[in-house]
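J.: Got a structure for you, questions after.
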Amino acid sequence: MAAKKAEQALVAQWRDILALHARTQCELDRALHEHGLCASDFEVLDVLAEGRSSDCANSYRVQEISERVHLSQSALSRLVARLERDGLVERGACPEDRRGVRVALTPRGRALHDRVLPLQRAVLTRMLADDRSG
């Protein structure tokens with residue numbers, strides 16, 4: 001009986017996490033929409049803006065980005081292609097691996113990231129504070 005209650009509590013906790021993620025993702029999408037971004041777009045820009053790739057370059061290999069954002073490789077490739085079309089990132093050859101691609105923020109991408117960063121952080125603060133108080 002105790003094992004069943006523990007399992008039910010574990011499942012309830014997991015579902016609460018999923019619900020918080022879904023609510024937060026929707027709020028981020030809503031807030032970022034007026035800037036032409038969704039939450040996943042911002043996550044990629046945010047990773048690139050941090051500028052801490054494994055080789056300390058100002059660009060990241062697509063593989064490095066995929067390790068930090070929760071998107072499939074194909075979804076990330078489509079997202080990077082769209083951000084490139086929008087002039088927010090640029091792709092280039094990876095000197096250390098000819099098959100690889102490096103991605104970097106453009107000045108326009110950095111300016112947009114800097115402009116929407118406080119908005120994104122405010123949504124996170126509000127959503128996560130609501131979760132802790134509730």
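Numbering starts fresh at 1 for the residues of each chain in the structure tokens, the chains themselves are lettered A, B, ... in the order given, and ligands are numbered from 1 as they appear.
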Pull the closest atom pair for each residue of stretch 59-133 of chain A that gets at most 9 Å from stretch 29-42 of chain A, along with the distance in Å to one decimal, counting only C-alpha atoms, ordering rows by chain and then ascending residue number, as CSV.

T.:
```
residue,atom,partner,partner_atom,distance
A:Val69,CA,A:Ser40,CA,7.9
A:His70,CA,A:Ser40,CA,8.4
A:Leu71,CA,A:Ser40,CA,8.2
A:Leu76,CA,A:Ser40,CA,8.9
A:Leu79,CA,A:Asp41,CA,6.9
A:Val80,CA,A:Asp41,CA,8.3
A:Leu83,CA,A:Asp41,CA,7.6
A:Leu112,CA,A:His35,CA,8.1
A:His113,CA,A:Phe42,CA,7.3
A:Val116,CA,A:Leu32,CA,7.4
A:Leu117,CA,A:Phe42,CA,8.5
A:Leu119,CA,A:Ala31,CA,7.3
A:Gln120,CA,A:Leu32,CA,7.4
A:Val123,CA,A:Ala31,CA,7.8
```

J.: Print the selection's residues with C-alpha atoms to a file, as a short mmCIF file (atom, residue, chain, number, x, y, z; two decimals), in the first residue's frame.

T.:
```cif
data_model
loop_
_atom_site.label_atom_id
_atom_site.label_comp_id
_atom_site.auth_asym_id
_atom_site.auth_seq_id
_atom_site.Cartn_x
_atom_site.Cartn_y
_atom_site.Cartn_z
CA VAL A 69 18.32 23.13 -25.83
CA HIS A 70 15.60 20.53 -25.77
CA LEU A 71 14.98 20.08 -29.47
CA LEU A 76 17.05 22.61 -34.27
CA LEU A 79 14.99 26.66 -36.31
CA VAL A 80 18.57 27.77 -37.07
CA LEU A 83 16.80 32.43 -37.59
CA LEU A 112 17.12 41.47 -30.32
CA HIS A 113 18.36 39.10 -27.62
CA VAL A 116 13.93 40.70 -25.05
CA LEU A 117 16.14 39.17 -22.34
CA LEU A 119 11.06 40.16 -20.79
CA GLN A 120 11.95 36.47 -20.91
CA VAL A 123 8.15 35.65 -17.38
#
```

J.: Give the strand (DSSP E) residues of chain A, as assigned by DSSP on the backbone, as a tab-separated table (two decimals) with N, CA and C atoms, in the first residue's frame.

T.:
```tsv
chain	number	residue	atom	x	y	z
A	60	TYR	N	28.99	28.55	-31.90
A	60	TYR	CA	28.80	27.20	-31.39
A	60	TYR	C	28.60	26.24	-32.55
A	61	ARG	N	29.07	25.04	-32.37
A	61	ARG	CA	28.72	23.98	-33.31
A	61	ARG	C	27.26	23.62	-33.04
A	89	VAL	N	21.04	35.00	-36.95
A	89	VAL	CA	22.24	34.18	-36.78
A	89	VAL	C	22.88	33.99	-38.16
A	90	GLU	N	24.12	33.57	-38.13
A	90	GLU	CA	24.79	33.20	-39.37
A	90	GLU	C	25.46	31.85	-39.17
A	91	ARG	N	25.43	31.06	-40.22
A	91	ARG	CA	26.07	29.75	-40.17
A	91	ARG	C	27.34	29.81	-40.99
A	92	GLY	N	28.31	29.03	-40.56
A	92	GLY	CA	29.56	28.96	-41.28
A	92	GLY	C	30.19	27.60	-41.13
A	93	ALA	N	31.19	27.36	-41.94
A	93	ALA	CA	31.90	26.08	-41.88
A	93	ALA	C	32.64	25.96	-40.56
A	101	VAL	N	28.90	22.46	-38.72
A	101	VAL	CA	28.45	23.83	-38.99
A	101	VAL	C	28.53	24.60	-37.68
A	102	ARG	N	29.03	25.82	-37.76
A	102	ARG	CA	29.07	26.71	-36.59
A	102	ARG	C	27.99	27.77	-36.77
A	103	VAL	N	27.43	28.19	-35.65
A	103	VAL	CA	26.36	29.19	-35.66
A	103	VAL	C	26.77	30.32	-34.72
A	104	ALA	N	26.55	31.55	-35.16
A	104	ALA	CA	26.87	32.72	-34.34
A	104	ALA	C	25.75	33.74	-34.46
A	105	LEU	N	25.62	34.56	-33.43
A	105	LEU	CA	24.67	35.67	-33.48
A	105	LEU	C	25.19	36.73	-34.45
```

J.: Tell me which of A:Asn58, A:His21, A:Asp46, A:Ala3 sits closest to A:Arg115, counting only C-alpha atoms.

T.: A:Asp46
